[in-house]
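Data block below; observations after.
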There are 2 protein chains.
Amino acid sequence: MTTTPFSPRGTEAEIEEGTAFAPKFDADGLIPVVATDAKSGEVLMFAWMNAEALEKTISTGDAWYWSRSRKALWRKGETSGQTQKVVELRIDCDQDALLMKVEVGGDGGACHVGYRSCFYRSVPLGKSAAPLALHFEAKKLPGHKHG
Amino acid sequence: MTTTPFSPRGTEAEIEEGTAFAPKFDADGLIPVVATDAKSGEVLMFAWMNAEALEKTISTGDAWYWSRSRKALWRKGETSGQTQKVVELRIDCDQDALLMKVEVGGDGGACHVGYRSCFYRSVPLGKSAAPLALHFEAKKLPGHKHG
């Protein structure tokens, strides 16, 4: 576990009901982050932060992530223009997941494939279990593709 | 990597723009899941599923998760009564994160600490980076505690 500039983890009661921000990073030094649109509440994307990305996000108010594929720190929108201004940052009960409400810059999208939200496909429910070769009900959900 | 009853991963184009449901499980056989309230859109909780939990969720329409601390499959609400009926299941662009819109049973909560949402604490923004001993602005956000 790498050292972080944040508070130590403490007891379960401290983590859940205390006032100290003590985020848990996993074995790879990462914490999961859910970003939602501050206006609509829509879930835009799911990504990861390391301690440095979280520190930069808190101090600058811009969303910084850790790219696991590129193994690099990454300010959202740096190349795409789809920046994320953090309106609110929350953490969950056991302090191992973050929620960010963001204002999206550029064309308003968050997904590199070209959709506003990364969650542009619905999985059919109620199908029997085996063999599961499920196909999406709609490849492109209406109103989600832009540009 | 364990074998799953779902489609094989395929090329990047197939994963992102194809029609086959090919969820990616991590080295521990897990995929992250964000659950939102189907009515309000509020993010309720963040959790994990293994292939079996996902299969059960899809076939039954009830939310099943994998508890990493208890190392056990877990039907949400089994003991708390805070069941989750899945209204919609979505997957993101690279098919390594799930989003579920759920109808919550019981007292309408999702968090074991007693809040409607697990994300009941706000982290202050704009603070200088080092040393970061951040404290929550409000321990309990208004309207979030119940019961």
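Chain labels follow the order of the structure tokens: the first chain is A, the next B, and so on; residue numbering restarts at 1 in every chain, and ligands are counted from 1 in their shown order.
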
| Check: which chain B residues lie within 6 Å of chain A using only C-alpha atoms, as a PyMOL selection string | chain B and resi 5-7+19-21+58-60+89-93+118-119+121-123+125-129+131-136+139

| Backbone DSSP call of strand (DSSP E) for region 11-128 of chain A, listed as a PyMOL selection string | chain A and resi 30-37+43-50+64-67+72-75+84-91+98-104+121-123

Only C-alpha atoms, please: the residues just picked out, written as a compact mmCIF listing (two decimals), in the first residue's frame.
```txt
# COMPACT_ATOMS: atom_id res chain seq x y z
CA LEU A 30 -6.51 2.99 -7.16
CA ILE A 31 -10.02 3.99 -6.08
CA PRO A 32 -13.11 3.71 -8.33
CA VAL A 33 -14.94 6.88 -9.37
CA VAL A 34 -18.47 7.38 -10.73
CA ALA A 35 -19.02 10.67 -12.57
CA THR A 36 -22.54 12.04 -12.98
CA ASP A 37 -23.85 15.09 -14.83
CA VAL A 43 -24.27 8.60 -14.84
CA LEU A 44 -21.66 9.59 -17.42
CA MET A 45 -18.69 7.33 -16.83
CA PHE A 46 -16.83 5.03 -14.49
CA ALA A 47 -13.08 5.44 -14.03
CA TRP A 48 -10.22 5.22 -11.54
CA MET A 49 -8.05 7.64 -9.58
CA ASN A 50 -4.77 7.14 -7.80
CA TRP A 64 -8.12 13.99 -13.02
CA TYR A 65 -8.08 10.22 -13.50
CA TRP A 66 -5.59 7.39 -13.72
CA SER A 67 -5.62 5.54 -17.02
CA ALA A 72 -0.71 7.64 -16.91
CA LEU A 73 -2.32 10.48 -15.04
CA TRP A 74 -4.92 12.12 -17.21
CA ARG A 75 -6.85 15.37 -16.95
CA GLN A 84 -15.18 17.93 -16.17
CA LYS A 85 -15.53 20.72 -13.61
CA VAL A 86 -16.24 19.06 -10.27
CA VAL A 87 -19.30 20.56 -8.60
CA GLU A 88 -19.43 18.07 -5.76
CA LEU A 89 -17.30 15.16 -4.56
CA ARG A 90 -18.73 12.47 -2.33
CA ILE A 91 -17.42 9.26 -0.81
CA LEU A 98 -16.04 8.17 -5.04
CA LEU A 99 -18.97 9.96 -6.65
CA MET A 100 -18.40 13.19 -8.57
CA LYS A 101 -21.05 15.54 -9.88
CA VAL A 102 -19.50 17.33 -12.84
CA GLU A 103 -20.17 20.06 -15.38
CA VAL A 104 -19.01 18.78 -18.75
CA ARG A 121 -26.21 0.00 -24.16
CA SER A 122 -28.96 -1.90 -22.39
CA VAL A 123 -28.60 -5.55 -21.45
```

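Between CA of Ala38 (chain A) and CA of Arg116 (chain B) the interatomic distance comes to 19.1 Å.
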
Identify, with DSSP run on backbone atoms, the residues in chain B assigned to helix (DSSP H, G or I), and express the list as a JSON list (two decimals) with N, CA and C atoms, in the first residue's frame.
```json
[["chain", "number", "residue", "atom", "x", "y", "z"],
["B", 12, "GLU", "N", -11.60, -4.54, -30.05],
["B", 12, "GLU", "CA", -12.03, -3.29, -29.44],
["B", 12, "GLU", "C", -13.31, -2.77, -30.10],
["B", 13, "ALA", "N", -13.35, -2.85, -31.44],
["B", 13, "ALA", "CA", -14.54, -2.37, -32.16],
["B", 13, "ALA", "C", -15.77, -3.20, -31.79],
["B", 14, "GLU", "N", -15.60, -4.51, -31.69],
["B", 14, "GLU", "CA", -16.71, -5.38, -31.29],
["B", 14, "GLU", "C", -17.19, -5.05, -29.88],
["B", 15, "ILE", "N", -16.24, -4.83, -28.99],
["B", 15, "ILE", "CA", -16.58, -4.52, -27.60],
["B", 15, "ILE", "C", -17.33, -3.20, -27.50],
["B", 16, "GLU", "N", -16.87, -2.20, -28.24],
["B", 16, "GLU", "CA", -17.42, -0.86, -28.10],
["B", 16, "GLU", "C", -18.67, -0.61, -28.93],
["B", 17, "GLU", "N", -18.73, -1.21, -30.12],
["B", 17, "GLU", "CA", -19.84, -0.89, -31.03],
["B", 17, "GLU", "C", -20.60, -2.12, -31.49],
["B", 51, "ALA", "N", -19.29, -13.45, -12.05],
["B", 51, "ALA", "CA", -20.10, -13.91, -13.17],
["B", 51, "ALA", "C", -21.41, -14.54, -12.69],
["B", 52, "GLU", "N", -21.35, -15.25, -11.57],
["B", 52, "GLU", "CA", -22.55, -15.91, -11.06],
["B", 52, "GLU", "C", -23.57, -14.87, -10.58],
["B", 53, "ALA", "N", -23.11, -13.84, -9.89],
["B", 53, "ALA", "CA", -24.01, -12.79, -9.43],
["B", 53, "ALA", "C", -24.67, -12.08, -10.62],
["B", 54, "LEU", "N", -23.88, -11.83, -11.65],
["B", 54, "LEU", "CA", -24.41, -11.16, -12.84],
["B", 54, "LEU", "C", -25.44, -12.04, -13.54],
["B", 55, "GLU", "N", -25.13, -13.31, -13.64],
["B", 55, "GLU", "CA", -26.05, -14.27, -14.27],
["B", 55, "GLU", "C", -27.37, -14.33, -13.49],
["B", 56, "LYS", "N", -27.27, -14.39, -12.17],
["B", 56, "LYS", "CA", -28.48, -14.44, -11.33],
["B", 56, "LYS", "C", -29.27, -13.14, -11.45],
["B", 57, "THR", "N", -28.57, -12.02, -11.50],
["B", 57, "THR", "CA", -29.24, -10.72, -11.62],
["B", 57, "THR", "C", -30.02, -10.66, -12.94],
["B", 58, "ILE", "N", -29.39, -11.09, -14.00],
["B", 58, "ILE", "CA", -30.03, -11.05, -15.32],
["B", 58, "ILE", "C", -31.22, -12.00, -15.39],
["B", 59, "SER", "N", -31.05, -13.20, -14.87],
["B", 59, "SER", "CA", -32.13, -14.18, -15.00],
["B", 59, "SER", "C", -33.30, -13.93, -14.05],
["B", 60, "THR", "N", -33.01, -13.38, -12.86],
["B", 60, "THR", "CA", -34.09, -13.19, -11.88],
["B", 60, "THR", "C", -34.64, -11.76, -11.84]]
```

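Going from CA of Gly106 (chain A) over to CA of Pro23 (chain B), you cover 29.5 Å.
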
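Picture a line from CA of Lys76 (chain B) to CA of Gly109 (chain B); it runs 11.2 Å.
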